[in-house]
Each structure stands twice: as structure tokens, then as C-alpha cells.
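Engineer: Sharing a structure here in C-alpha cells format.
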Amino acid sequence: MCGIVGYIGTQRATEILLTGLEKLEYRGYDSAGIATVWEGKIDCVRAKGKLQNLRDKLTNVENPAQIGIGHTRWATHGKPAEHNAHPHTDMARQVAVVQNGIVENYASLREELKEKGYEFRSETDTEVIPNLIAEILSTNSSSLLDALRQAVNRLSGAFAIAVLSGDYPDELILARQQAPLVIGFGQGEFFCASDTPALVPHTRAVLPLENGEMARMTPLGVEVYNFAGDRLKKYPFTLSWNPVQVEKQGFKHFMLKEIHEQPGVVRNCLEAYLQTEKHPQASSNSPIGNPVNLGLPEELFQDLEMIQILACGTSWHAGLVGKYLLEQLAGIPTQVQYASEFRYAPPPITANTLTIGVTQSGETADTLAALGMEQQRRAGGEAKYQSRILGITNRSESSLAQMVSHIINTHAGIEIGVAATKTFVAQLMAFYCLAMDLAYRRQVRSASQLEEIIDGLRQLPREIELTLETQSGYIEELAREFNETKDFIFVGRGINFPIALEGALKLKEISYIHAEGYPAGEMKHGPIALLDAKVPVMAIAMPGSIYEKVLSNAQEAKARDARLIGVTPKEEYAAEIFDDLLAVPMVEEILSPILTVIPLQLLAYHIAALRGLDVDQPRNLAKSVTVE
Ligand code: AGP
């Protein structure tokens, strides 16, 4: 949450900071600000609300400064207001700080500084940092780098910090502890940001800082240190994606663009992980005949008895589909936990367990903390209890990827819309591949059984395209009919129950309509009491093991006057049951979630867009939830 940018070089900083913040606005957007240094003085401008308000304030302001920091905020301590917006300065306005994270011990530091005569102007936790740095500089430090080093050693919590000082006009100092911060290397200019979209318009040579690291950026170069003050040798690497991926490319919103990118995302995964020949020779990591090659070593799966999946939000829904696949295809008992719950009530440790962390951003604080806790509590135990951790993410440069030794890169590329769409589908693809890999390794499915599934998977990109082509216009029209709707129910069963949850989440988060997802068979145990003509019911009904059961459950809703919408293949009898039909191609039930989620994403999108809401940046939400 919150986005940080920084620049030092030969160009005017203000515009670079503002365009960088635009690329990060998806991380938080209740206020924004920038600080620059010119002629030994800090110039700090902040505005409540969207970034445009800050832009408006800066129009026609001449600022030749070539160094600066910027911030877009998602409020934690202190309501959204200009005085709480970053950057924060010390009392003398000579040190400016932007921060992403939470300083947990800010209250005691604030008291300590107040006793020394420091005055505070905001309700934020961050304001202690510039004052602490000023205090250290005035008493026992000879450099800004050392002052920040001493300061961070007194902070507890998770944070990424960028600091400027009027007394050090050619230095931008950074520190990272459990919140992302990446440095970009240009020609005679250097950048920093919470996330790479702000860097790629300038450079693809990047260096993500690791926890406990600091950096000193000057116009001459970048030095990296640890919190003990030791200089570290670090080298940037080149990002594989390009600036076009962070543009809307003619779509009205990023979310719509990302929905339409899904056929390509599925193709990328198929290309990356499935062997092209039917019975390929084994690579070093893939047994002979295994049609899947995720590049994962055998020791990760040795004597495997259990899998636990840790994730939040949409990634948790992907985990539920993953559980279905891992249990039904590979026969491995699998638990799916909310990372935020797991942290404080972990189940007893089980032997030979693989833990999978799923996160599109690779930065979700709860997921990283839960994985870290699992790593720690298993360390030093008997071999069979030791941690085996696998990450699933589309951000191979993220904190998750730094933390775990094995990842499945879902190849979805970066997602900008706050509502996850293509990253969800890519996570599902990762689970299909993992479940097939395990099924093959454990010899519970033959190569030919797996080939059948693979043949089905290979059809999916075209089937998603068909769904988009045939349904988009119809769904946009249908969306108009829910202009006044206040509540929505989504039902599904089996492998499509998580899709009901996902459909409800998409609708909630971008249209602000109250929506609930239920296993269709559970409706009669309570939620059916909610139904009347004003509450539409979306039923995901794919032919397969529980098709008739879902149809009966749907009829029960219809009998209570609910308007019944079906996500189902276009069969004659379907038109009789459902009031509206969101048609998807007929596929094997086990493959259907990749198709059934598409109309639900489109419906949520069009309802929100027609209501004139900010689809890509819904209220109160942020793309990367880097606080607890
Ligand atoms: C998805 O639409 C949501 N914005 C949210 O639930 C998200 O999935 C969740 O915060 C987890 O994020 P992650 O995948 O980056 O860990």
C-alpha cells in the first residue's frame, strides 16, 4: 500500500516524480505529495485526494530541482488529509521523508521526541522519522546515511523509507524492512520506487533492496549497505517486461485490458510449462514422460503427505481451486488458509508438508509473514517436519521470490487494476500444472489421462476469446439492469464454488454492491432467507458431476422470485431455467473455472463502469496490501 518514488539526476525532478506516482497510484490514492531540494531548502507540496489534485497545485510552479521524493498514500495512521499526506518533514523542515509501512513503536518515539522539544503536525506514524533523523544529525551523526541507519535501528514494524535533506542536496537515502523498494539505474540518473511500473518508462535495469538494506543514491551512483553500516556488493538485473505493459493500450480501464489479456496469459503458461511433444525426454527436473515441466526439484515433493496453501483475497480463491485440483487429480490432502488467520492460529505442524504461498503482488504482508512464520517454526526440527515452501506469483522480482527458494512464475505480467483478473487465471493455470506434475510423479494418473486434460487446456485460450467476443456486448447491456441492485448472490459447487466467491468479490470491490458467494447446496441452510425479487442470483452451472444438483439449487432460488442468471453452456433447457444466460463454451467440468470466471469479471466491470465508479482504483483498496 502507499507508493514511493525518488529521483536524482540531471532532469527536473517534479515531472518525473509525478509520472512515477501516476504509475503507482493503484497502491494507494487518498493523498499525495512530493518534496525536492533546491538551494539547500526542502520544498514540499502535498494534496488530499487523487494525484490530479497535486498536479493542479504544481501547475505553473517553476521548480528546477533535480532531486526529489514522492508518495501516494493509503491511510493507516491518521485520516486522509493534507496534513497527514507524505512527505513529512522534521520540525525545522530540513529533512523530508516518505514511508510505506507502519512504524509500530511510533508512539513511544513521538513521546521521547516531544520531551526534547519536537513538535508534530500530523497524526501519522511516519512523522517521527524525519524528527528522529534531525535529532540524530544534531547530536551524534556526521552523515545523512548514518543518521537514517541509526534511526531505522530504533524503528520496529515494516517499512520502506526514502529521505532527503536540505543539508545534503546531492543525496537520496533509502531503507527497506519488510516493504518493497526497488532502485532503477539510468544514464547519470537514478530512480527508486515501491514497484517497477514507475521505473520501466526510464530504465529496465533494477535492483530490489532486500530486508535490512539501505542505499545512498547520488548523481554519481548507488551504494548499498546493511543496517549495521557494512557496504554490500550488489548488481542490478534487467527486467524482462516493457513499458507498454503498464499502458491501457486503448482500453477504457486497466481492468478491461487485463480481462482481455487472459487468452494470452493462458497461452504463456501452456508454453512455459507443458512439453510440446507427447512423450518428451526428461529434463533434469522432470521424470521421463511427465508432460509438465515446472522446473521444481524432486526433494520438494519427496514423501509428500500434505499441502497447505496460504493466501489472501482472490489468491485465496485460486488456492481453493488449487485444493480441488491437488486432491482430485493428484490425491494429496490439501488445506487452504487465510494467511492473516494462519499467522495467529497455525494448525499443528504436520510431517512432509509442502507450503504454497500464492500472491500476485508477491508483497502481501500477511502472506509473507505467514510463510516466514512457517519457515521459522519448522526450522531445526526433524527432517520430515522441515519447511518446503513454494511461491506462486507473477512478480518474479518480488519479496516473495526473494524469500522462498522455489517459485512458479505465472507469466501473467504486471496487473494494474486493483481487482485481480488475469493474475487469478494465471494462478489457476499454475495449479493445473502443479496438480498434473504431482499426479504424474506420484503415478496416480497415466500420461494419457494427463494428455486429455492438457488437450482441454490447450483449447482454453480460444474458448476465452470466444466468451469475450460473444458475451461482452450482452453483458454490458445486462449490467444496465442492475443499476439499482443492492445485493447479489453467487452460487456454485465443487470446483466452481470458489468462482462464486470470486464473482462476488469482484462485484463488491469495484461496484460496492453487497454480494455473497455460497456453495449452492448451502443456500437452504440460511441464506435463502435473503432472496426476493430484488436479489439476483448468479448460478454457475457447468455440466459434470453436480450439474443437476446446481440446477435444482438454482430452481429453489427461482421459486423465491429471485432473478436467476446462469453461467452455463448455451443449451436449450438452460434458456428455460435461467432468466438470463451468460454463455460459456462446453468444457470438461475440471477445466471450467477458467471460463466461468470470465463473464463474472465482465459483469462486475460493466456494472461498476456504468455507475461511473473508479474501476481501477476502488475506494479504500490498494493493489499491494503491504500492511497487516
Ligand atoms: C483482488 O481483486 C483483491 N484486490 C485482493 O483480494 C487481493 O487478491 C488480495 O489482497 C491478495 O493480493 P495478492 O495476490 O497480491 O497477495
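Note on naming: chains are A, B, ... as they come in the C-alpha cells, residues start from 1 per chain, ligands start from 1 in the order shown.
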Excluding same-chain residues fewer than 3 positions from Pro536 of chain A, what lies within 7 Å of it counting only C-alpha atoms, as a PyMOL selection string?

Structural biologist: chain A and resi 488-489+562-564

Engineer: Against ligand 1, which residues of chain A fall within 9 Å? For each one I want the closest pair of atoms and the distance in Å (one decimal), counting only C-alpha atoms and all ligand atoms, rows by chain and increasing residue number, as a Markdown table.

Structural biologist:
| residue | atom | partner | partner_atom_place_in_ligand_line | distance |
| --- | --- | --- | --- | --- |
| A:Ala311 | CA | ligand 1 | 16 (O) | 6.2 |
| A:Cys312 | CA | ligand 1 | 11 (C) | 4.5 |
| A:Gly313 | CA | ligand 1 | 6 (O) | 3.2 |
| A:Thr314 | CA | ligand 1 | 8 (O) | 3.7 |
| A:Ser315 | CA | ligand 1 | 14 (O) | 4.8 |
| A:Trp316 | CA | ligand 1 | 8 (O) | 7.3 |
| A:His317 | CA | ligand 1 | 8 (O) | 8.4 |
| A:Gly357 | CA | ligand 1 | 16 (O) | 8.7 |
| A:Val358 | CA | ligand 1 | 14 (O) | 6.5 |
| A:Thr359 | CA | ligand 1 | 14 (O) | 3.5 |
| A:Gln360 | CA | ligand 1 | 14 (O) | 3.8 |
| A:Ser361 | CA | ligand 1 | 15 (O) | 3.7 |
| A:Gly362 | CA | ligand 1 | 15 (O) | 5.8 |
| A:Glu363 | CA | ligand 1 | 15 (O) | 6.2 |
| A:Thr364 | CA | ligand 1 | 16 (O) | 4.5 |
| A:Ala365 | CA | ligand 1 | 16 (O) | 8.0 |
| A:Asp366 | CA | ligand 1 | 16 (O) | 8.2 |
| A:Thr367 | CA | ligand 1 | 16 (O) | 6.6 |
| A:Leu368 | CA | ligand 1 | 16 (O) | 8.7 |
| A:Thr393 | CA | ligand 1 | 14 (O) | 7.8 |
| A:Gly417 | CA | ligand 1 | 4 (N) | 8.4 |
| A:Val418 | CA | ligand 1 | 4 (N) | 5.0 |
| A:Ala419 | CA | ligand 1 | 2 (O) | 3.4 |
| A:Ala420 | CA | ligand 1 | 2 (O) | 3.9 |
| A:Thr421 | CA | ligand 1 | 2 (O) | 7.0 |
| A:Thr423 | CA | ligand 1 | 14 (O) | 8.0 |
| A:Phe424 | CA | ligand 1 | 8 (O) | 8.1 |
| A:Glu502 | CA | ligand 1 | 2 (O) | 8.1 |
| A:Leu505 | CA | ligand 1 | 2 (O) | 6.9 |
| A:Lys506 | CA | ligand 1 | 2 (O) | 6.0 |
| A:Glu509 | CA | ligand 1 | 2 (O) | 7.1 |
| A:Ile510 | CA | ligand 1 | 2 (O) | 8.7 |
| A:Leu621 | CA | ligand 1 | 4 (N) | 7.0 |
| A:Ala622 | CA | ligand 1 | 4 (N) | 6.9 |
| A:Lys623 | CA | ligand 1 | 4 (N) | 5.8 |
| A:Ser624 | CA | ligand 1 | 15 (O) | 5.4 |
| A:Val625 | CA | ligand 1 | 10 (O) | 5.7 |
| A:Thr626 | CA | ligand 1 | 15 (O) | 9.0 |

Engineer: Convert the current residue selection to file output with N, CA, C and O atoms, as a short mmCIF file (atom, residue, chain, number, x, y, z; two decimals), in the first residue's frame.

Structural biologist:
data_model
loop_
_atom_site.label_atom_id
_atom_site.label_comp_id
_atom_site.auth_asym_id
_atom_site.auth_seq_id
_atom_site.Cartn_x
_atom_site.Cartn_y
_atom_site.Cartn_z
N ALA A 311 -2.77 -17.73 1.51
CA ALA A 311 -3.02 -16.63 0.56
C ALA A 311 -4.11 -15.72 1.12
O ALA A 311 -4.71 -16.02 2.16
N CYS A 312 -4.37 -14.64 0.43
CA CYS A 312 -5.44 -13.69 0.80
C CYS A 312 -6.28 -13.37 -0.43
O CYS A 312 -5.78 -13.42 -1.56
N GLY A 313 -7.52 -12.97 -0.19
CA GLY A 313 -8.38 -12.43 -1.25
C GLY A 313 -8.52 -13.36 -2.44
O GLY A 313 -8.77 -14.57 -2.31
N THR A 314 -8.36 -12.77 -3.61
CA THR A 314 -8.51 -13.54 -4.84
C THR A 314 -7.51 -14.68 -4.91
O THR A 314 -7.83 -15.77 -5.41
N SER A 315 -6.31 -14.46 -4.40
CA SER A 315 -5.31 -15.53 -4.42
C SER A 315 -5.76 -16.70 -3.55
O SER A 315 -5.45 -17.86 -3.82
N TRP A 316 -6.51 -16.39 -2.50
CA TRP A 316 -7.06 -17.45 -1.65
C TRP A 316 -8.11 -18.24 -2.44
O TRP A 316 -8.18 -19.46 -2.34
N HIS A 317 -8.89 -17.53 -3.24
CA HIS A 317 -9.86 -18.24 -4.10
C HIS A 317 -9.13 -19.16 -5.08
O HIS A 317 -9.58 -20.29 -5.32
N GLY A 357 2.69 -20.48 -0.96
CA GLY A 357 2.22 -19.10 -0.80
C GLY A 357 1.79 -18.58 -2.16
O GLY A 357 2.56 -18.65 -3.12
N VAL A 358 0.55 -18.07 -2.24
CA VAL A 358 0.06 -17.56 -3.53
C VAL A 358 -0.18 -16.07 -3.40
O VAL A 358 -0.94 -15.63 -2.52
N THR A 359 0.45 -15.28 -4.24
CA THR A 359 0.23 -13.84 -4.20
C THR A 359 0.63 -13.20 -5.52
O THR A 359 1.75 -13.41 -5.99
N GLN A 360 -0.31 -12.44 -6.11
CA GLN A 360 0.02 -11.82 -7.40
C GLN A 360 1.08 -10.75 -7.22
O GLN A 360 1.97 -10.62 -8.04
N SER A 361 0.96 -9.96 -6.16
CA SER A 361 1.93 -8.87 -5.98
C SER A 361 3.26 -9.38 -5.47
O SER A 361 4.29 -8.75 -5.67
N GLY A 362 3.22 -10.51 -4.79
CA GLY A 362 4.43 -11.02 -4.14
C GLY A 362 4.82 -10.17 -2.94
O GLY A 362 5.92 -10.29 -2.41
N GLU A 363 3.90 -9.27 -2.51
CA GLU A 363 4.24 -8.33 -1.44
C GLU A 363 3.23 -8.32 -0.30
O GLU A 363 3.38 -7.53 0.63
N THR A 364 2.18 -9.12 -0.38
CA THR A 364 1.13 -9.07 0.64
C THR A 364 1.72 -9.40 2.02
O THR A 364 2.24 -10.50 2.23
N ALA A 365 1.60 -8.44 2.92
CA ALA A 365 2.28 -8.56 4.22
C ALA A 365 1.83 -9.83 4.96
O ALA A 365 2.67 -10.56 5.51
N ASP A 366 0.53 -10.10 4.97
CA ASP A 366 0.04 -11.26 5.72
C ASP A 366 0.59 -12.56 5.13
O ASP A 366 0.97 -13.47 5.87
N THR A 367 0.62 -12.64 3.81
CA THR A 367 1.09 -13.88 3.18
C THR A 367 2.58 -14.07 3.44
O THR A 367 3.03 -15.18 3.79
N LEU A 368 3.34 -12.99 3.32
CA LEU A 368 4.79 -13.12 3.55
C LEU A 368 5.05 -13.47 5.02
O LEU A 368 5.90 -14.31 5.32
N THR A 393 3.51 -16.74 -8.07
CA THR A 393 3.37 -15.30 -8.29
C THR A 393 3.67 -14.95 -9.74
O THR A 393 4.34 -15.72 -10.43
N GLY A 417 -4.93 -2.91 -12.55
CA GLY A 417 -6.27 -2.78 -11.95
C GLY A 417 -6.24 -3.41 -10.56
O GLY A 417 -5.68 -4.50 -10.38
N VAL A 418 -6.84 -2.73 -9.60
CA VAL A 418 -6.82 -3.26 -8.22
C VAL A 418 -7.54 -4.61 -8.15
O VAL A 418 -7.13 -5.50 -7.41
N ALA A 419 -8.60 -4.75 -8.94
CA ALA A 419 -9.31 -6.03 -8.95
C ALA A 419 -8.52 -7.04 -9.78
O ALA A 419 -8.29 -6.84 -10.96
N ALA A 420 -8.11 -8.11 -9.14
CA ALA A 420 -7.30 -9.12 -9.83
C ALA A 420 -8.15 -9.88 -10.84
O ALA A 420 -9.26 -10.32 -10.53
N THR A 421 -7.66 -10.00 -12.06
CA THR A 421 -8.37 -10.77 -13.09
C THR A 421 -7.40 -11.75 -13.75
O THR A 421 -7.42 -12.93 -13.48
N THR A 423 -4.31 -12.21 -13.25
CA THR A 423 -3.39 -12.91 -12.34
C THR A 423 -4.09 -14.10 -11.69
O THR A 423 -3.45 -15.11 -11.38
N PHE A 424 -5.42 -13.98 -11.50
CA PHE A 424 -6.18 -15.10 -10.94
C PHE A 424 -6.17 -16.29 -11.90
O PHE A 424 -5.86 -17.42 -11.52
N GLU A 502 -15.30 -15.68 -5.99
CA GLU A 502 -14.52 -14.71 -6.76
C GLU A 502 -15.45 -13.72 -7.48
O GLU A 502 -15.18 -12.51 -7.51
N LEU A 505 -16.66 -11.30 -4.92
CA LEU A 505 -15.60 -10.36 -4.51
C LEU A 505 -15.39 -9.29 -5.58
O LEU A 505 -15.26 -8.10 -5.29
N LYS A 506 -15.36 -9.71 -6.85
CA LYS A 506 -15.15 -8.73 -7.93
C LYS A 506 -16.25 -7.67 -7.88
O LYS A 506 -15.96 -6.49 -8.00
N GLU A 509 -15.90 -5.33 -4.72
CA GLU A 509 -14.79 -4.39 -4.59
C GLU A 509 -14.82 -3.26 -5.61
O GLU A 509 -14.33 -2.19 -5.32
N ILE A 510 -15.44 -3.47 -6.77
CA ILE A 510 -15.41 -2.35 -7.72
C ILE A 510 -16.76 -1.66 -7.89
O ILE A 510 -16.81 -0.52 -8.31
N LEU A 621 -9.26 0.62 -1.24
CA LEU A 621 -8.44 -0.56 -1.56
C LEU A 621 -7.07 -0.17 -2.11
O LEU A 621 -6.86 0.96 -2.52
N ALA A 622 -6.16 -1.11 -2.12
CA ALA A 622 -4.85 -0.89 -2.73
C ALA A 622 -4.43 -2.20 -3.38
O ALA A 622 -4.86 -3.28 -2.97
N LYS A 623 -3.59 -2.09 -4.37
CA LYS A 623 -3.20 -3.28 -5.13
C LYS A 623 -2.30 -4.20 -4.32
O LYS A 623 -2.42 -5.42 -4.38
N SER A 624 -1.33 -3.61 -3.63
CA SER A 624 -0.44 -4.43 -2.81
C SER A 624 -0.74 -4.10 -1.36
O SER A 624 -0.58 -2.95 -0.95
N VAL A 625 -1.16 -5.10 -0.61
CA VAL A 625 -1.53 -4.83 0.78
C VAL A 625 -0.31 -5.13 1.65
O VAL A 625 -0.16 -6.23 2.17
N THR A 626 0.53 -4.11 1.80
CA THR A 626 1.82 -4.35 2.46
C THR A 626 1.78 -4.01 3.94
O THR A 626 2.81 -3.89 4.57
#

Engineer: Using DSSP on the backbone, list every residue of segment 79-200 of chain A that comes out as alpha helix (DSSP H), and give them as a PDB file with C-alpha atoms, in the first residue's frame.

Structural biologist:
ATOM      1  CA  TYR A 106       5.962   5.400  16.812  1.00  0.00           C
ATOM      2  CA  ALA A 107       4.009   6.425  19.937  1.00  0.00           C
ATOM      3  CA  SER A 108       6.954   5.969  22.316  1.00  0.00           C
ATOM      4  CA  LEU A 109       9.377   7.625  19.865  1.00  0.00           C
ATOM      5  CA  ARG A 110       6.987  10.532  19.482  1.00  0.00           C
ATOM      6  CA  GLU A 111       6.807  10.985  23.262  1.00  0.00           C
ATOM      7  CA  GLU A 112      10.578  10.830  23.540  1.00  0.00           C
ATOM      8  CA  LEU A 113      11.000  13.450  20.800  1.00  0.00           C
ATOM      9  CA  LYS A 114       8.273  15.655  22.265  1.00  0.00           C
ATOM     10  CA  GLU A 115      10.150  15.685  25.561  1.00  0.00           C
ATOM     11  CA  VAL A 128       8.621  10.549  13.915  1.00  0.00           C
ATOM     12  CA  ILE A 129      11.168   9.515  11.280  1.00  0.00           C
ATOM     13  CA  PRO A 130      12.298  12.943   9.963  1.00  0.00           C
ATOM     14  CA  ASN A 131      12.349  14.276  13.526  1.00  0.00           C
ATOM     15  CA  LEU A 132      14.363  11.309  14.755  1.00  0.00           C
ATOM     16  CA  ILE A 133      16.815  11.787  11.876  1.00  0.00           C
ATOM     17  CA  ALA A 134      17.072  15.517  12.658  1.00  0.00           C
ATOM     18  CA  GLU A 135      17.717  14.719  16.305  1.00  0.00           C
ATOM     19  CA  ILE A 136      20.432  12.200  15.439  1.00  0.00           C
ATOM     20  CA  LEU A 137      22.013  14.621  12.932  1.00  0.00           C
ATOM     21  CA  SER A 138      22.118  17.345  15.534  1.00  0.00           C
ATOM     22  CA  THR A 139      23.706  15.171  18.197  1.00  0.00           C
ATOM     23  CA  LEU A 144      22.512  11.504   6.361  1.00  0.00           C
ATOM     24  CA  LEU A 145      23.152   7.842   5.601  1.00  0.00           C
ATOM     25  CA  ASP A 146      24.400   7.185   9.120  1.00  0.00           C
ATOM     26  CA  ALA A 147      21.557   9.187  10.655  1.00  0.00           C
ATOM     27  CA  LEU A 148      18.950   7.109   8.804  1.00  0.00           C
ATOM     28  CA  ARG A 149      20.879   3.949   9.720  1.00  0.00           C
ATOM     29  CA  GLN A 150      20.711   4.851  13.400  1.00  0.00           C
ATOM     30  CA  ALA A 151      17.064   5.820  13.046  1.00  0.00           C
ATOM     31  CA  VAL A 152      15.949   2.573  11.379  1.00  0.00           C
TER      32      VAL A 152
END

Engineer: Got a sec to tell me which of segment 2-186 of chain A DSSP assigns to strand (DSSP E or B), as a PyMOL selection string?

Structural biologist: chain A and resi 3-8+31-38+41-48+67-73+88-89+95-103+157-165+168-178+182-185

Engineer: Go ahead and write the residues just picked, C-alpha atoms, as a PDB file, in the first residue's frame.

Structural biologist:
ATOM      1  CA  GLY A   3       3.683   4.219  -3.309  1.00  0.00           C
ATOM      2  CA  ILE A   4       7.112   5.783  -3.015  1.00  0.00           C
ATOM      3  CA  VAL A   5       9.163   7.306  -5.816  1.00  0.00           C
ATOM      4  CA  GLY A   6      12.517   9.066  -5.830  1.00  0.00           C
ATOM      5  CA  TYR A   7      14.761  10.692  -8.420  1.00  0.00           C
ATOM      6  CA  ILE A   8      18.280  12.060  -8.554  1.00  0.00           C
ATOM      7  CA  SER A  31      -3.456  11.878  -0.840  1.00  0.00           C
ATOM      8  CA  ALA A  32      -0.116  12.536  -2.497  1.00  0.00           C
ATOM      9  CA  GLY A  33       2.900  14.778  -2.217  1.00  0.00           C
ATOM     10  CA  ILE A  34       6.427  15.485  -3.371  1.00  0.00           C
ATOM     11  CA  ALA A  35       9.490  17.073  -1.795  1.00  0.00           C
ATOM     12  CA  THR A  36      12.504  18.425  -3.669  1.00  0.00           C
ATOM     13  CA  VAL A  37      15.740  20.126  -2.632  1.00  0.00           C
ATOM     14  CA  TRP A  38      16.811  23.397  -4.216  1.00  0.00           C
ATOM     15  CA  LYS A  41      15.998  24.105   1.128  1.00  0.00           C
ATOM     16  CA  ILE A  42      13.259  21.476   1.097  1.00  0.00           C
ATOM     17  CA  ASP A  43      10.215  22.347  -0.970  1.00  0.00           C
ATOM     18  CA  CYS A  44       7.266  20.155  -0.031  1.00  0.00           C
ATOM     19  CA  VAL A  45       3.873  20.203  -1.783  1.00  0.00           C
ATOM     20  CA  ARG A  46       1.005  17.908  -0.781  1.00  0.00           C
ATOM     21  CA  ALA A  47      -2.670  17.497  -1.637  1.00  0.00           C
ATOM     22  CA  LYS A  48      -5.588  15.463  -0.369  1.00  0.00           C
ATOM     23  CA  ILE A  67      16.394  15.580  -6.757  1.00  0.00           C
ATOM     24  CA  GLY A  68      13.122  14.645  -5.111  1.00  0.00           C
ATOM     25  CA  ILE A  69      10.873  12.105  -3.435  1.00  0.00           C
ATOM     26  CA  GLY A  70       7.150  11.489  -3.842  1.00  0.00           C
ATOM     27  CA  HIS A  71       4.386   9.491  -2.229  1.00  0.00           C
ATOM     28  CA  THR A  72       0.845   8.351  -2.872  1.00  0.00           C
ATOM     29  CA  ARG A  73      -0.895   7.345   0.349  1.00  0.00           C
ATOM     30  CA  HIS A  88       6.678  14.562   6.234  1.00  0.00           C
ATOM     31  CA  THR A  89       9.374  16.932   7.380  1.00  0.00           C
ATOM     32  CA  VAL A  95      14.646  16.614   6.479  1.00  0.00           C
ATOM     33  CA  ALA A  96      11.845  15.117   4.340  1.00  0.00           C
ATOM     34  CA  VAL A  97      10.663  11.513   4.482  1.00  0.00           C
ATOM     35  CA  VAL A  98       8.256   9.303   2.572  1.00  0.00           C
ATOM     36  CA  GLN A  99       7.364   5.933   4.054  1.00  0.00           C
ATOM     37  CA  ASN A 100       5.383   2.871   3.114  1.00  0.00           C
ATOM     38  CA  GLY A 101       4.530   0.585   6.018  1.00  0.00           C
ATOM     39  CA  ILE A 102       3.841   1.025   9.709  1.00  0.00           C
ATOM     40  CA  VAL A 103       6.212   2.177  12.433  1.00  0.00           C
ATOM     41  CA  GLY A 157       7.493  -2.666  12.165  1.00  0.00           C
ATOM     42  CA  ALA A 158       7.578  -2.943   8.403  1.00  0.00           C
ATOM     43  CA  PHE A 159       8.739  -0.005   6.329  1.00  0.00           C
ATOM     44  CA  ALA A 160      10.304   1.317   3.152  1.00  0.00           C
ATOM     45  CA  ILE A 161      11.723   4.809   3.548  1.00  0.00           C
ATOM     46  CA  ALA A 162      13.219   7.481   1.279  1.00  0.00           C
ATOM     47  CA  VAL A 163      14.879  10.540   2.815  1.00  0.00           C
ATOM     48  CA  LEU A 164      16.110  13.932   1.571  1.00  0.00           C
ATOM     49  CA  SER A 165      17.793  16.747   3.457  1.00  0.00           C
ATOM     50  CA  TYR A 168      22.711  17.033   1.813  1.00  0.00           C
ATOM     51  CA  PRO A 169      21.438  18.333  -1.530  1.00  0.00           C
ATOM     52  CA  ASP A 170      23.035  15.551  -3.601  1.00  0.00           C
ATOM     53  CA  GLU A 171      21.890  12.520  -1.643  1.00  0.00           C
ATOM     54  CA  LEU A 172      18.781  10.415  -1.548  1.00  0.00           C
ATOM     55  CA  ILE A 173      18.878   7.764   1.171  1.00  0.00           C
ATOM     56  CA  LEU A 174      16.713   4.633   1.268  1.00  0.00           C
ATOM     57  CA  ALA A 175      15.988   1.873   3.762  1.00  0.00           C
ATOM     58  CA  ARG A 176      13.902  -1.267   3.456  1.00  0.00           C
ATOM     59  CA  GLN A 177      12.434  -3.563   6.099  1.00  0.00           C
ATOM     60  CA  GLN A 178       9.545  -5.824   5.029  1.00  0.00           C
ATOM     61  CA  VAL A 182      13.418  -1.010  -5.952  1.00  0.00           C
ATOM     62  CA  ILE A 183      16.247   1.103  -7.391  1.00  0.00           C
ATOM     63  CA  GLY A 184      16.385   1.898 -11.129  1.00  0.00           C
ATOM     64  CA  PHE A 185      19.672   2.638 -12.899  1.00  0.00           C
TER      65      PHE A 185
END

Engineer: Hey, which of A:Val567, A:Leu181, A:Leu329, A:Ile590 ends up closest to Leu207 of chain A? Count only C-alpha atoms.

Structural biologist: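 Comparing A:Val567, A:Leu181, A:Leu329, A:Ile590 against Leu207 of chain A, the winner is A:Leu181.
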
Engineer: Would you pick out the contacts of Thr334 of chain A at 12 Å or less, using only C-alpha atoms, so that residues sharing its chain but fewer than 2 positions from it are not included, and give the list as a list in words?

Structural biologist: Leu304, Glu305, Met306, Ile307, Gln308, Ile309, Leu310, Gly319, Leu320, Val321, Gly322, Lys323, Tyr324, Leu325, Leu326, Glu327, Gln328, Leu329, Ala330, Gly331, Ile332, Val336, Gln337, Thr350, Thr353, Leu354, Thr355, Ile356 and Ala435 of chain A

Engineer: Using only C-alpha atoms, pick whichever of A:Ile454, A:Ala426, A:Leu400, A:Leu300 has the shortest atom-to-atom distance to Arg388 of chain A.

Structural biologist: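 Closest residue, counting only C-alpha atoms: A:Leu300.
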
Engineer: Could you give me, as a ChimeraX atom specification, the residues within 10 Å of Tyr474 of chain A, counting only C-alpha atoms and dropping anything in the same chain fewer than 4 positions from it?

Structural biologist: /A:469-470,478-479,581-582,603

Engineer: Provide the atom CA of Trp74 of chain A to atom CA of Cys2 of chain A distance in Å, to one decimal place.

Structural biologist: 5.1 Å

Engineer: Find the residue from A:Met403, A:Glu576, A:Asn352, A:Asp125 that sits nearest to Asp303 of chain A; use only C-alpha atoms when measuring.

Structural biologist: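 Among the listed residues, A:Asn352 lies closest to Asp303 of chain A.
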
Engineer: Find the residue from A:Ala609, A:Leu199, A:Ile546, A:Leu58 that sits nearest to Glu22 of chain A; use only C-alpha atoms when measuring.

Structural biologist: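 With only C-alpha atoms as the atom set, the closest residue is A:Leu199.
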
Engineer: Please provide as an MDAnalysis selection string all residues within 10 Å of Arg619 of chain A, with the sequence filter that same-chain residues fewer than 2 positions apart are discarded (counting only C-alpha atoms).

Structural biologist: chainID A and resid 28:30 509:512 613:617 621:622
